[in-house]
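The next block is run_10.csv, given as CSV, C-alpha atoms (C1' of nucleotides).
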chain,number,residue,atom,x,y,z
A,1,MET,CA,-11.2,-29.2,5.5
A,2,LYS,CA,-8.0,-31.0,4.8
A,3,LEU,CA,-4.6,-29.6,5.7
A,4,PRO,CA,-3.4,-28.5,2.3
A,5,GLU,CA,-6.5,-26.5,1.7
A,6,ALA,CA,-6.5,-25.0,5.2
A,7,LYS,CA,-2.8,-24.1,4.6
A,8,GLN,CA,-3.6,-22.2,1.4
A,9,HIS,CA,-6.4,-20.3,3.1
A,10,PHE,CA,-4.2,-19.4,6.0
A,11,ILE,CA,-1.3,-18.2,3.9
A,12,SER,CA,-3.5,-16.2,1.5
A,13,SER,CA,-5.5,-14.5,4.3
A,14,TRP,CA,-2.4,-13.8,6.3
A,15,GLY,CA,-1.0,-12.1,3.2
A,16,ALA,CA,-4.1,-10.0,2.6
A,17,PHE,CA,-4.2,-9.2,6.3
A,18,GLY,CA,-0.6,-8.0,6.1
A,19,THR,CA,-1.3,-5.5,3.4
A,20,HIS,CA,-3.7,-3.7,5.7
A,21,TRP,CA,-0.7,-3.3,8.1
A,22,GLY,CA,1.9,-1.9,5.8
A,23,ILE,CA,3.6,-5.2,5.3
A,24,ASN,CA,3.7,-6.5,1.7
A,25,ARG,CA,1.7,-9.5,0.7
A,26,THR,CA,4.6,-11.8,-0.1
A,27,MET,CA,6.4,-11.0,3.1
A,28,ALA,CA,3.4,-11.9,5.1
A,29,GLN,CA,2.8,-15.1,3.1
A,30,ILE,CA,6.4,-16.2,3.7
A,31,HIS,CA,5.9,-15.5,7.4
A,32,ALA,CA,2.6,-17.5,7.4
A,33,LEU,CA,4.3,-20.4,5.7
A,34,LEU,CA,7.1,-20.5,8.2
A,35,LEU,CA,4.7,-20.1,11.1
A,36,ILE,CA,3.0,-23.3,10.3
A,37,SER,CA,6.1,-25.3,9.2
A,38,PRO,CA,7.3,-27.5,12.0
A,39,ASP,CA,10.8,-27.6,10.5
A,40,PRO,CA,13.0,-24.9,9.0
A,41,LEU,CA,12.7,-24.4,5.2
A,42,THR,CA,15.1,-23.4,2.5
A,43,GLN,CA,14.7,-20.6,0.0
A,44,ASP,CA,13.8,-23.3,-2.6
A,45,ASP,CA,11.2,-24.8,-0.4
A,46,ILE,CA,9.5,-21.4,0.0
A,47,MET,CA,9.8,-20.5,-3.7
A,48,GLU,CA,8.2,-23.7,-4.7
A,49,ASP,CA,5.5,-23.6,-2.1
A,50,LEU,CA,4.4,-20.1,-2.8
A,51,ASN,CA,5.3,-20.0,-6.5
A,52,ILE,CA,7.4,-16.9,-6.4
A,53,SER,CA,10.8,-16.1,-7.9
A,54,ARG,CA,14.1,-16.5,-6.2
A,55,GLY,CA,14.8,-12.8,-6.0
A,56,ASN,CA,11.5,-12.0,-4.5
A,57,THR,CA,11.9,-14.8,-1.9
A,58,ASN,CA,15.4,-13.7,-1.0
A,59,MET,CA,14.4,-10.1,-0.6
A,60,ASN,CA,11.4,-10.8,1.6
A,61,ILE,CA,13.2,-13.3,3.8
A,62,ARG,CA,15.8,-10.7,4.5
A,63,GLU,CA,13.1,-8.2,5.3
A,64,LEU,CA,11.5,-10.6,7.7
A,65,ILE,CA,14.9,-11.1,9.4
A,66,ASN,CA,15.2,-7.3,9.7
A,67,TRP,CA,11.9,-7.3,11.4
A,68,GLY,CA,13.2,-9.9,13.8
A,69,LEU,CA,10.5,-12.4,12.8
A,70,VAL,CA,12.6,-15.0,11.1
A,71,GLU,CA,15.9,-16.5,11.8
A,72,ARG,CA,18.6,-18.2,9.6
A,73,VAL,CA,19.3,-21.7,10.8
A,74,ILE,CA,22.4,-23.6,9.7
A,75,LEU,CA,21.9,-27.3,9.8
A,76,PRO,CA,25.1,-29.3,10.4
A,77,GLY,CA,26.4,-31.0,7.3
A,78,GLU,CA,24.1,-28.9,5.1
A,79,ARG,CA,25.3,-26.4,2.6
A,80,LYS,CA,22.0,-24.5,2.2
A,81,GLU,CA,20.6,-22.0,4.7
A,82,TYR,CA,17.4,-22.8,6.4
A,83,PHE,CA,14.8,-20.4,7.8
A,84,THR,CA,12.5,-20.6,10.7
A,85,ALA,CA,9.9,-18.3,12.3
A,86,GLU,CA,9.3,-17.5,16.0
A,87,LYS,CA,6.3,-19.6,16.9
A,88,ASP,CA,5.3,-17.9,20.1
A,89,ILE,CA,2.7,-15.5,18.9
A,90,TRP,CA,2.9,-13.2,21.9
A,91,LYS,CA,6.6,-12.7,21.1
A,92,VAL,CA,5.8,-12.1,17.5
A,93,VAL,CA,3.2,-9.4,18.4
A,94,LYS,CA,5.7,-7.8,20.8
A,95,GLN,CA,8.4,-7.7,18.1
A,96,ILE,CA,6.1,-6.1,15.6
A,97,VAL,CA,4.9,-3.5,18.1
A,98,LYS,CA,8.5,-2.8,19.0
A,99,GLU,CA,9.5,-2.3,15.4
A,100,ARG,CA,6.6,-0.2,14.4
A,101,LYS,CA,6.9,2.0,17.4
A,102,LYS,CA,10.5,2.7,16.5
A,103,ARG,CA,9.8,3.2,12.8
A,104,GLU,CA,6.6,5.2,13.0
A,105,LEU,CA,5.5,6.4,16.4
A,106,GLU,CA,8.8,7.8,17.5
A,107,PRO,CA,9.5,9.9,14.4
A,108,MET,CA,6.0,11.2,14.5
A,109,MET,CA,6.5,12.3,18.1
A,110,GLN,CA,9.6,14.1,17.2
A,111,LEU,CA,7.9,16.0,14.5
A,112,LEU,CA,5.0,16.9,16.8
A,113,ASP,CA,7.4,18.3,19.3
A,114,LYS,CA,8.7,20.8,16.7
A,115,LEU,CA,5.3,21.7,15.4
A,116,GLU,CA,3.9,22.3,18.8
A,117,ASP,CA,5.9,25.5,19.2
A,118,VAL,CA,4.9,27.2,16.0
A,119,GLU,CA,5.4,30.9,16.0
A,120,GLY,CA,2.3,33.1,15.9
A,121,ASP,CA,-0.4,34.8,17.8
A,122,LYS,CA,-2.2,32.3,20.0
A,123,LYS,CA,-5.3,34.4,19.7
A,124,ASP,CA,-5.4,33.6,16.0
A,125,LYS,CA,-8.0,30.9,15.6
A,126,LYS,CA,-6.0,29.1,13.0
A,127,VAL,CA,-2.9,29.0,15.2
A,128,LYS,CA,-4.9,27.9,18.2
A,129,THR,CA,-6.6,25.1,16.4
A,130,PHE,CA,-3.3,23.9,15.0
A,131,VAL,CA,-1.5,24.0,18.3
A,132,ASP,CA,-4.4,22.3,20.1
A,133,THR,CA,-4.6,19.5,17.6
A,134,VAL,CA,-0.9,18.9,17.6
A,135,SER,CA,-0.8,18.9,21.4
A,136,SER,CA,-3.6,16.5,21.8
A,137,ILE,CA,-2.2,14.1,19.3
A,138,LYS,CA,1.1,14.4,21.2
A,139,ARG,CA,-0.5,13.7,24.5
A,140,LEU,CA,-2.2,10.6,23.3
A,141,GLY,CA,0.9,9.5,21.5
A,142,LEU,CA,3.0,9.8,24.6
A,143,GLN,CA,0.5,7.6,26.5
A,144,ALA,CA,0.5,5.0,23.7
A,145,ASP,CA,4.3,5.1,23.8
A,146,LYS,CA,4.5,4.4,27.5
A,147,THR,CA,1.8,1.7,27.4
A,148,LEU,CA,3.5,-0.1,24.5
A,149,ASP,CA,6.8,0.0,26.3
A,150,VAL,CA,5.3,-1.9,29.2
A,151,MET,CA,3.6,-4.3,26.9
A,152,ILE,CA,6.9,-5.0,25.1
A,153,LYS,CA,8.5,-6.0,28.3
A,154,ALA,CA,5.6,-8.0,29.7
A,155,GLU,CA,4.9,-11.7,29.7
A,156,GLU,CA,1.7,-12.6,28.0
A,157,ASN,CA,0.1,-14.0,31.1
A,158,TRP,CA,1.0,-11.0,33.2
A,159,PHE,CA,-0.2,-8.5,30.6
A,160,VAL,CA,-3.4,-10.2,29.7
A,161,SER,CA,-4.4,-11.1,33.3
A,162,ASN,CA,-3.8,-7.5,34.3
A,163,LEU,CA,-5.9,-6.2,31.5
A,164,MET,CA,-8.6,-8.6,32.4
A,165,LYS,CA,-8.7,-7.3,36.0
A,166,ILE,CA,-9.6,-3.9,34.7
A,167,PHE,CA,-11.7,-4.8,31.8
A,168,LYS,CA,-13.3,-8.0,33.0
B,1,MET,CA,8.6,27.9,12.3
B,2,LYS,CA,5.6,29.8,11.0
B,3,LEU,CA,2.1,28.4,10.6
B,4,PRO,CA,2.0,27.8,6.9
B,5,GLU,CA,5.2,25.8,7.0
B,6,ALA,CA,4.2,23.9,10.1
B,7,LYS,CA,0.9,23.1,8.4
B,8,GLN,CA,2.6,21.7,5.3
B,9,HIS,CA,4.8,19.5,7.5
B,10,PHE,CA,1.9,18.2,9.5
B,11,ILE,CA,-0.2,17.4,6.5
B,12,SER,CA,2.5,15.6,4.6
B,13,SER,CA,3.6,13.6,7.6
B,14,TRP,CA,0.1,12.6,8.5
B,15,GLY,CA,-0.2,11.5,4.9
B,16,ALA,CA,2.9,9.4,5.0
B,17,PHE,CA,1.9,8.0,8.4
B,18,GLY,CA,-1.5,7.0,7.1
B,19,THR,CA,0.1,4.9,4.4
B,20,HIS,CA,1.6,2.7,7.1
B,21,TRP,CA,-1.8,2.1,8.4
B,22,GLY,CA,-3.7,1.0,5.3
B,23,ILE,CA,-5.1,4.5,4.7
B,24,ASN,CA,-4.2,6.2,1.5
B,25,ARG,CA,-2.1,9.2,1.4
B,26,THR,CA,-4.7,11.7,0.1
B,27,MET,CA,-7.3,10.5,2.5
B,28,ALA,CA,-5.0,11.1,5.4
B,29,GLN,CA,-3.9,14.5,4.1
B,30,ILE,CA,-7.5,15.6,3.8
B,31,HIS,CA,-8.1,14.4,7.3
B,32,ALA,CA,-5.1,16.3,8.5
B,33,LEU,CA,-6.2,19.5,6.8
B,34,LEU,CA,-9.6,19.3,8.3
B,35,LEU,CA,-8.2,18.5,11.8
B,36,ILE,CA,-6.3,21.7,11.9
B,37,SER,CA,-9.0,23.9,10.3
B,38,PRO,CA,-11.1,25.8,12.8
B,39,ASP,CA,-14.0,26.1,10.4
B,40,PRO,CA,-15.5,23.7,7.9
B,41,LEU,CA,-14.1,23.7,4.4
B,42,THR,CA,-15.6,23.1,1.0
B,43,GLN,CA,-14.4,20.7,-1.6
B,44,ASP,CA,-12.9,23.6,-3.5
B,45,ASP,CA,-11.0,24.8,-0.4
B,46,ILE,CA,-9.5,21.3,0.0
B,47,MET,CA,-8.7,20.9,-3.7
B,48,GLU,CA,-6.9,24.2,-3.8
B,49,ASP,CA,-5.1,23.7,-0.5
B,50,LEU,CA,-3.8,20.2,-1.3
B,51,ASN,CA,-3.5,20.7,-5.1
B,52,ILE,CA,-5.6,17.7,-6.0
B,53,SER,CA,-8.3,17.1,-8.5
B,54,ARG,CA,-12.0,17.4,-7.9
B,55,GLY,CA,-12.7,13.7,-8.4
B,56,ASN,CA,-9.9,12.7,-6.0
B,57,THR,CA,-11.1,15.1,-3.4
B,58,ASN,CA,-14.7,13.9,-3.6
B,59,MET,CA,-13.8,10.2,-3.4
B,60,ASN,CA,-11.6,10.6,-0.4
B,61,ILE,CA,-14.0,12.8,1.4
B,62,ARG,CA,-16.7,10.2,1.0
B,63,GLU,CA,-14.3,7.6,2.2
B,64,LEU,CA,-13.5,9.7,5.3
B,65,ILE,CA,-17.3,10.0,5.9
B,66,ASN,CA,-17.6,6.2,5.6
B,67,TRP,CA,-14.9,5.8,8.3
B,68,GLY,CA,-16.9,8.2,10.5
B,69,LEU,CA,-14.1,10.7,10.7
B,70,VAL,CA,-15.6,13.5,8.7
B,71,GLU,CA,-19.0,15.1,8.6
B,72,ARG,CA,-21.0,17.0,6.0
B,73,VAL,CA,-22.1,20.4,7.3
B,74,ILE,CA,-24.7,22.5,5.7
B,75,LEU,CA,-24.3,26.2,6.5
B,76,PRO,CA,-27.5,28.2,6.3
B,77,GLY,CA,-27.8,30.3,3.3
B,78,GLU,CA,-24.9,28.5,1.5
B,79,ARG,CA,-25.3,26.4,-1.6
B,80,LYS,CA,-22.1,24.4,-1.1
B,81,GLU,CA,-21.5,21.6,1.2
B,82,TYR,CA,-18.9,22.0,3.9
B,83,PHE,CA,-16.9,19.4,5.7
B,84,THR,CA,-15.5,19.2,9.2
B,85,ALA,CA,-13.5,16.6,11.1
B,86,GLU,CA,-14.0,15.4,14.7
B,87,LYS,CA,-11.4,17.2,16.7
B,88,ASP,CA,-11.4,15.1,19.8
B,89,ILE,CA,-8.4,12.8,19.1
B,90,TRP,CA,-9.5,10.1,21.5
B,91,LYS,CA,-12.8,9.8,19.7
B,92,VAL,CA,-10.9,9.7,16.4
B,93,VAL,CA,-8.7,6.8,17.7
B,94,LYS,CA,-11.7,4.9,19.0
B,95,GLN,CA,-13.5,5.3,15.7
B,96,ILE,CA,-10.5,4.0,13.7
B,97,VAL,CA,-10.1,1.1,16.1
B,98,LYS,CA,-13.8,0.3,15.8
B,99,GLU,CA,-13.7,0.3,12.0
B,100,ARG,CA,-10.5,-1.7,11.7
B,101,LYS,CA,-11.8,-4.2,14.2
B,102,LYS,CA,-14.9,-4.7,12.1
B,103,ARG,CA,-13.1,-4.8,8.8
B,104,GLU,CA,-10.0,-6.8,9.6
B,105,LEU,CA,-10.0,-8.5,13.0
B,106,GLU,CA,-13.5,-10.0,12.9
B,107,PRO,CA,-13.2,-11.6,9.5
B,108,MET,CA,-9.8,-13.0,10.5
B,109,MET,CA,-11.3,-14.6,13.6
B,110,GLN,CA,-14.0,-16.2,11.6
B,111,LEU,CA,-11.5,-17.7,9.3
B,112,LEU,CA,-9.4,-19.0,12.2
B,113,ASP,CA,-12.4,-20.7,13.6
B,114,LYS,CA,-12.9,-22.7,10.5
B,115,LEU,CA,-9.2,-23.5,10.1
B,116,GLU,CA,-8.8,-24.7,13.7
B,117,ASP,CA,-10.8,-27.8,13.1
B,118,VAL,CA,-8.8,-29.0,10.1
B,119,GLU,CA,-9.2,-32.8,9.5
B,120,GLY,CA,-6.2,-34.9,10.0
B,121,ASP,CA,-4.1,-36.9,12.4
B,122,LYS,CA,-3.1,-34.8,15.4
B,123,LYS,CA,0.0,-36.9,15.7
B,124,ASP,CA,1.2,-35.7,12.3
B,125,LYS,CA,3.7,-33.0,13.1
B,126,LYS,CA,2.5,-30.8,10.3
B,127,VAL,CA,-1.1,-31.0,11.4
B,128,LYS,CA,-0.1,-30.3,15.0
B,129,THR,CA,2.0,-27.3,14.2
B,130,PHE,CA,-0.8,-25.9,12.0
B,131,VAL,CA,-3.5,-26.3,14.6
B,132,ASP,CA,-1.2,-25.0,17.4
B,133,THR,CA,-0.4,-21.9,15.4
B,134,VAL,CA,-3.9,-21.2,14.4
B,135,SER,CA,-5.2,-21.7,18.0
B,136,SER,CA,-2.7,-19.5,19.5
B,137,ILE,CA,-3.4,-16.7,17.1
B,138,LYS,CA,-7.0,-17.1,17.8
B,139,ARG,CA,-6.5,-17.0,21.5
B,140,LEU,CA,-4.6,-13.7,21.3
B,141,GLY,CA,-7.0,-12.3,18.8
B,142,LEU,CA,-9.9,-13.0,21.1
B,143,GLN,CA,-8.2,-11.2,23.9
B,144,ALA,CA,-7.4,-8.2,21.6
B,145,ASP,CA,-11.0,-8.2,20.5
B,146,LYS,CA,-12.3,-8.0,24.1
B,147,THR,CA,-9.8,-5.4,25.1
B,148,LEU,CA,-10.6,-3.2,22.1
B,149,ASP,CA,-14.3,-3.5,22.8
B,150,VAL,CA,-13.8,-2.0,26.3
B,151,MET,CA,-11.6,0.7,24.9
B,152,ILE,CA,-14.1,1.7,22.3
B,153,LYS,CA,-16.7,2.2,25.0
B,154,ALA,CA,-14.4,4.0,27.4
B,155,GLU,CA,-13.8,7.6,28.2
B,156,GLU,CA,-10.2,8.7,27.6
B,157,ASN,CA,-9.7,9.6,31.3
B,158,TRP,CA,-11.1,6.3,32.5
B,159,PHE,CA,-9.1,4.2,30.1
B,160,VAL,CA,-5.8,6.0,30.5
B,161,SER,CA,-5.9,6.3,34.3
B,162,ASN,CA,-6.7,2.6,34.6
B,163,LEU,CA,-3.9,1.7,32.3
B,164,MET,CA,-1.6,3.8,34.4
B,165,LYS,CA,-2.6,2.0,37.5
B,166,ILE,CA,-1.2,-1.2,36.0
B,167,PHE,CA,1.7,0.2,34.1
B,168,LYS,CA,2.7,3.1,36.3
C,1,DA,C1',-39.6,24.9,-15.9
C,2,DT,C1',-35.1,26.4,-16.7
C,3,DA,C1',-30.7,27.8,-15.9
C,4,DT,C1',-27.0,27.5,-12.9
C,5,DA,C1',-24.3,25.7,-9.3
C,6,DT,C1',-22.6,21.8,-7.2
C,7,DT,C1',-21.6,16.9,-6.7
C,8,DT,C1',-20.6,12.3,-8.4
C,9,DT,C1',-19.0,8.9,-11.5
C,10,DC,C1',-15.7,6.4,-14.1
C,11,DA,C1',-12.7,5.3,-18.1
C,12,DA,C1',-8.2,6.7,-19.2
C,13,DT,C1',-3.7,7.8,-17.5
C,14,DA,C1',-0.1,8.3,-14.2
C,15,DA,C1',2.5,7.0,-10.3
C,16,DT,C1',3.9,3.6,-7.3
C,17,DT,C1',5.0,-0.9,-5.7
C,18,DT,C1',6.0,-5.6,-6.5
C,19,DT,C1',8.0,-9.2,-9.0
C,20,DT,C1',11.0,-11.4,-12.1
C,21,DG,C1',15.2,-13.6,-13.7
C,22,DA,C1',19.6,-13.5,-15.2
C,23,DA,C1',24.1,-11.9,-13.9
C,24,DA,C1',27.3,-11.0,-10.3
C,25,DG,C1',28.9,-12.2,-5.9
C,26,DT,C1',30.0,-15.4,-2.2
C,27,DT,C1',31.1,-19.6,0.2
C,28,DC,C1',33.1,-23.9,0.8
C,29,DG,C1',34.9,-28.5,-0.1
C,30,DA,C1',38.3,-31.0,-2.4
D,1,DT,C1',43.0,-22.5,-6.4
D,2,DC,C1',39.1,-24.1,-8.8
D,3,DG,C1',34.5,-25.1,-9.5
D,4,DA,C1',30.0,-26.2,-8.0
D,5,DA,C1',26.4,-24.8,-4.8
D,6,DC,C1',24.2,-21.3,-3.1
D,7,DT,C1',22.9,-16.3,-2.2
D,8,DT,C1',22.3,-11.5,-3.5
D,9,DT,C1',21.6,-7.7,-6.5
D,10,DC,C1',19.1,-4.8,-9.5
D,11,DA,C1',17.3,-3.2,-14.1
D,12,DA,C1',13.4,-4.2,-16.6
D,13,DA,C1',8.6,-5.7,-16.7
D,14,DA,C1',4.2,-6.6,-14.6
D,15,DA,C1',0.8,-5.7,-11.4
D,16,DT,C1',-1.5,-2.8,-8.5
D,17,DT,C1',-3.2,1.5,-6.8
D,18,DA,C1',-4.1,6.4,-7.1
D,19,DT,C1',-5.4,10.4,-9.8
D,20,DT,C1',-7.3,13.1,-13.3
D,21,DG,C1',-10.8,15.6,-15.7
D,22,DA,C1',-14.7,15.8,-18.4
D,23,DA,C1',-19.3,14.2,-18.7
D,24,DA,C1',-23.4,12.9,-16.3
D,25,DA,C1',-26.3,13.4,-12.5
D,26,DT,C1',-28.3,16.0,-8.9
D,27,DA,C1',-29.9,20.0,-6.3
D,28,DT,C1',-31.4,24.7,-5.9
D,29,DA,C1',-32.9,29.5,-6.8
D,30,DT,C1',-35.7,32.2,-9.5

Translate the structure described by the file into structure tokens.
Amino acid sequence: MKLPEAKQHFISSWGAFGTHWGINRTMAQIHALLLISPDPLTQDDIMEDLNISRGNTNMNIRELINWGLVERVILPGERKEYFTAEKDIWKVVKQIVKERKKRELEPMMQLLDKLEDVEGDKKDKKVKTFVDTVSSIKRLGLQADKTLDVMIKAEENWFVSNLMKIFK
Amino acid sequence: MKLPEAKQHFISSWGAFGTHWGINRTMAQIHALLLISPDPLTQDDIMEDLNISRGNTNMNIRELINWGLVERVILPGERKEYFTAEKDIWKVVKQIVKERKKRELEPMMQLLDKLEDVEGDKKDKKVKTFVDTVSSIKRLGLQADKTLDVMIKAEENWFVSNLMKIFK
DNA sequence: ATATATTTTCAATAATTTTTGAAAGTTCGA
DNA sequence: TCGAACTTTCAAAAATTATTGAAAATATAT
């Protein structure tokens, strides 16, 4: 397989993959394109390469910047803005984990805290099942939270080699 | 907060949460409802409780069964089918991990294998960046794959206590 | 076997999400 | 300060995804 074909496959699969993870297709495709581009690209490069409109491109680049996955680059003597993606995949994964933890896990934990002390007779089977379910989700969530915190701070080698000690 | 209110909050947040994870809102809501229901429910119970149509209920229950999160229960002497969800949250998490690994991670790994041996001059910066990116994603993916396999087989206590040894 | 209860299917519809593109806004050099 | 280059916004349109509900299929009791 030649590069242009491989590139198309990579971008389109990364896009489809993204949709399973709450990231929209175009955003993931732009990310994929930047991941495999040795040099920074302009909005126009991206528009042209992916065949998408200017507005769409702009919106999704900004969203990628919010996620901390893409950076603006100013090239000296150039008027246009350029964009580049972090190439270290471990850093990318950590950044995504960090954002999703903040956006999803933490709010869920806060809600569970409130729901855990629902008023009512603990002898009532319905109340008991509710509280038990909420508590056990909370317990697992707290463990996940702690584990992810450590992961976010870790170096890839450290993290992986430690995992392998346990899980050989 | 009283039970009925807490229940509504739980169901609707679980639904919203699900959408971030590639699961549709209704499917997640039905799952939430079954999680906190001490006894199995019928399709009609679910329809009524969540205010959704019969077809929608049926489709999403079947999808939950495909995911291995819900089971059909036949109560002796009853004509209707009942449904119940696995209550052990650790098992639920493992089941979800297992399914998503199969549906998403594994196909992605297969693609990366093919893309990694793209034809072309490795001196070419574009080819090099492409291959490097694909390889490093593959490397991390393989590690994730192995780790998840171990997790899927593990007991909660074993897994968590081992994690804690590392990450204390 | 038949009537009745229950489940499943699926075309039509509704709701939601994404994309477009043109207009408005901004930046910067001369 | 002006004008060209470039970026951002956002209402409308398109595309996608979810939901409905009635009809068809299936299962069960008598």

Point to revise | Coordinates-based distance that separates CA of Met59 (chain A) from C1' of DA24 (chain C) (Å, one decimal) | key: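 Here the two named atoms are 16.2 Å from each other.
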
Residue neighbourhood DT30 (chain D), 10 Å, only C-alpha atoms (C1' of nucleotides), exclusion window fewer than 2 positions, as a PyMOL selection string:
(chain C and resi 2-3) or (chain D and resi 28)

Do a neighbour search on region 132-143 of chain B at 12 Å with only C-alpha atoms (C1' of nucleotides), toss out local chain neighbours closer than 3 positions, and write the hits as a count of residues only. 60

- Query: Which residues of chain A are close to chain C, meaning at most 10 Å apart when you count only C-alpha atoms (C1' of nucleotides), and how do they look as a list in words?
  - Reply: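 Result: Asn24, Arg25, Thr26, Ile52, Ser53, Arg54, Gly55, Asn56, Thr57 and Arg79 of chain A.
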
Compute the chain D side of the contact with chain B at 10 Å, counting only C-alpha atoms (C1' of nucleotides), and hand it back as an mmCIF file with C-alpha atoms (C1' of nucleotides), keeping the file's coordinate frame.
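The result, stored in selection14.cif:
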data_model
loop_
_atom_site.group_PDB
_atom_site.id
_atom_site.type_symbol
_atom_site.label_atom_id
_atom_site.label_comp_id
_atom_site.auth_asym_id
_atom_site.auth_seq_id
_atom_site.Cartn_x
_atom_site.Cartn_y
_atom_site.Cartn_z
ATOM 1 C "C1'" DT D 17 -3.200 1.500 -6.800
ATOM 2 C "C1'" DA D 18 -4.100 6.400 -7.100
ATOM 3 C "C1'" DT D 19 -5.400 10.400 -9.800
ATOM 4 C "C1'" DT D 20 -7.300 13.100 -13.300
ATOM 5 C "C1'" DG D 21 -10.800 15.600 -15.700
ATOM 6 C "C1'" DA D 27 -29.900 20.000 -6.300
ATOM 7 C "C1'" DT D 28 -31.400 24.700 -5.900
ATOM 8 C "C1'" DA D 29 -32.900 29.500 -6.800
#

What separates CA of Met1 (chain B) and CA of Arg103 (chain A) is a distance of 24.7 Å

Exercise. Can you tell me how far CA of Trp21 (chain A) sits from CA of Arg62 (chain B), in Å to one decimal?
Worked result: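 Spanning CA of Trp21 (chain A) to CA of Arg62 (chain B) is a straight-line distance of 22.1 Å.
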
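Closest approach to chain A among B:Phe130, B:Trp158, B:Trp67, B:Phe83: B:Phe130, based on all atoms listed in the file.
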
- [ ] Compile the contact shell of Asp49 (chain A) as a list in words: residues with an atom at most 10 Å away, counting only C-alpha atoms (C1' of nucleotides), same-chain residues fewer than 6 positions apart removed.
- [x]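 Those residues are Gln8, Ile30, Leu33 and Gln43 of chain A.
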
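The shortest atom-to-atom distance to chain B, with all atoms listed in the file taken into account, belongs to A:Ile23 out of A:Ile23, A:Ala28, A:Ile46, A:Ile61.
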
Proximity to chain B - best of A:Glu119, A:Glu155, A:Asp39, A:Glu63, only C-alpha atoms =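 Among the listed residues, the smallest separation from chain B belongs to A:Glu119.
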
Using the partial input, fill out region 107-119 of chain B with N, CA and C atoms; write the result as a PDB file, in the coordinates of the input.
ATOM      1  N   PRO B 107     -13.228 -10.587  10.538  1.00  0.00           N
ATOM      2  CA  PRO B 107     -13.200 -11.600   9.500  1.00  0.00           C
ATOM      3  C   PRO B 107     -12.008 -12.602   9.704  1.00  0.00           C
ATOM      4  N   MET B 108     -10.890 -12.105  10.218  1.00  0.00           N
ATOM      5  CA  MET B 108      -9.800 -13.000  10.500  1.00  0.00           C
ATOM      6  C   MET B 108     -10.156 -14.061  11.534  1.00  0.00           C
ATOM      7  N   MET B 109     -10.851 -13.622  12.573  1.00  0.00           N
ATOM      8  CA  MET B 109     -11.300 -14.600  13.600  1.00  0.00           C
ATOM      9  C   MET B 109     -12.216 -15.631  13.055  1.00  0.00           C
ATOM     10  N   GLN B 110     -13.098 -15.205  12.183  1.00  0.00           N
ATOM     11  CA  GLN B 110     -14.000 -16.200  11.600  1.00  0.00           C
ATOM     12  C   GLN B 110     -13.279 -17.234  10.779  1.00  0.00           C
ATOM     13  N   LEU B 111     -12.277 -16.776  10.043  1.00  0.00           N
ATOM     14  CA  LEU B 111     -11.500 -17.700   9.300  1.00  0.00           C
ATOM     15  C   LEU B 111     -10.749 -18.699  10.203  1.00  0.00           C
ATOM     16  N   LEU B 112     -10.146 -18.174  11.249  1.00  0.00           N
ATOM     17  CA  LEU B 112      -9.400 -19.000  12.200  1.00  0.00           C
ATOM     18  C   LEU B 112     -10.251 -20.094  12.795  1.00  0.00           C
ATOM     19  N   ASP B 113     -11.496 -19.715  13.101  1.00  0.00           N
ATOM     20  CA  ASP B 113     -12.400 -20.700  13.600  1.00  0.00           C
ATOM     21  C   ASP B 113     -12.557 -21.914  12.721  1.00  0.00           C
ATOM     22  N   LYS B 114     -12.710 -21.615  11.434  1.00  0.00           N
ATOM     23  CA  LYS B 114     -12.900 -22.700  10.500  1.00  0.00           C
ATOM     24  C   LYS B 114     -11.561 -23.515  10.359  1.00  0.00           C
ATOM     25  N   LEU B 115     -10.438 -22.800  10.347  1.00  0.00           N
ATOM     26  CA  LEU B 115      -9.200 -23.500  10.100  1.00  0.00           C
ATOM     27  C   LEU B 115      -8.738 -24.337  11.306  1.00  0.00           C
ATOM     28  N   GLU B 116      -9.244 -23.966  12.461  1.00  0.00           N
ATOM     29  CA  GLU B 116      -8.800 -24.700  13.700  1.00  0.00           C
ATOM     30  C   GLU B 116      -9.241 -26.124  13.675  1.00  0.00           C
ATOM     31  N   ASP B 117     -10.400 -26.409  13.089  1.00  0.00           N
ATOM     32  CA  ASP B 117     -10.800 -27.800  13.100  1.00  0.00           C
ATOM     33  C   ASP B 117     -10.522 -28.494  11.735  1.00  0.00           C
ATOM     34  N   VAL B 118      -9.280 -28.337  11.290  1.00  0.00           N
ATOM     35  CA  VAL B 118      -8.800 -29.000  10.100  1.00  0.00           C
ATOM     36  C   VAL B 118      -8.848 -30.549  10.384  1.00  0.00           C
ATOM     37  N   GLU B 119      -9.271 -31.316   9.364  1.00  0.00           N
ATOM     38  CA  GLU B 119      -9.200 -32.800   9.500  1.00  0.00           C
ATOM     39  C   GLU B 119      -7.797 -33.268   9.479  1.00  0.00           C
TER      40      GLU B 119
END
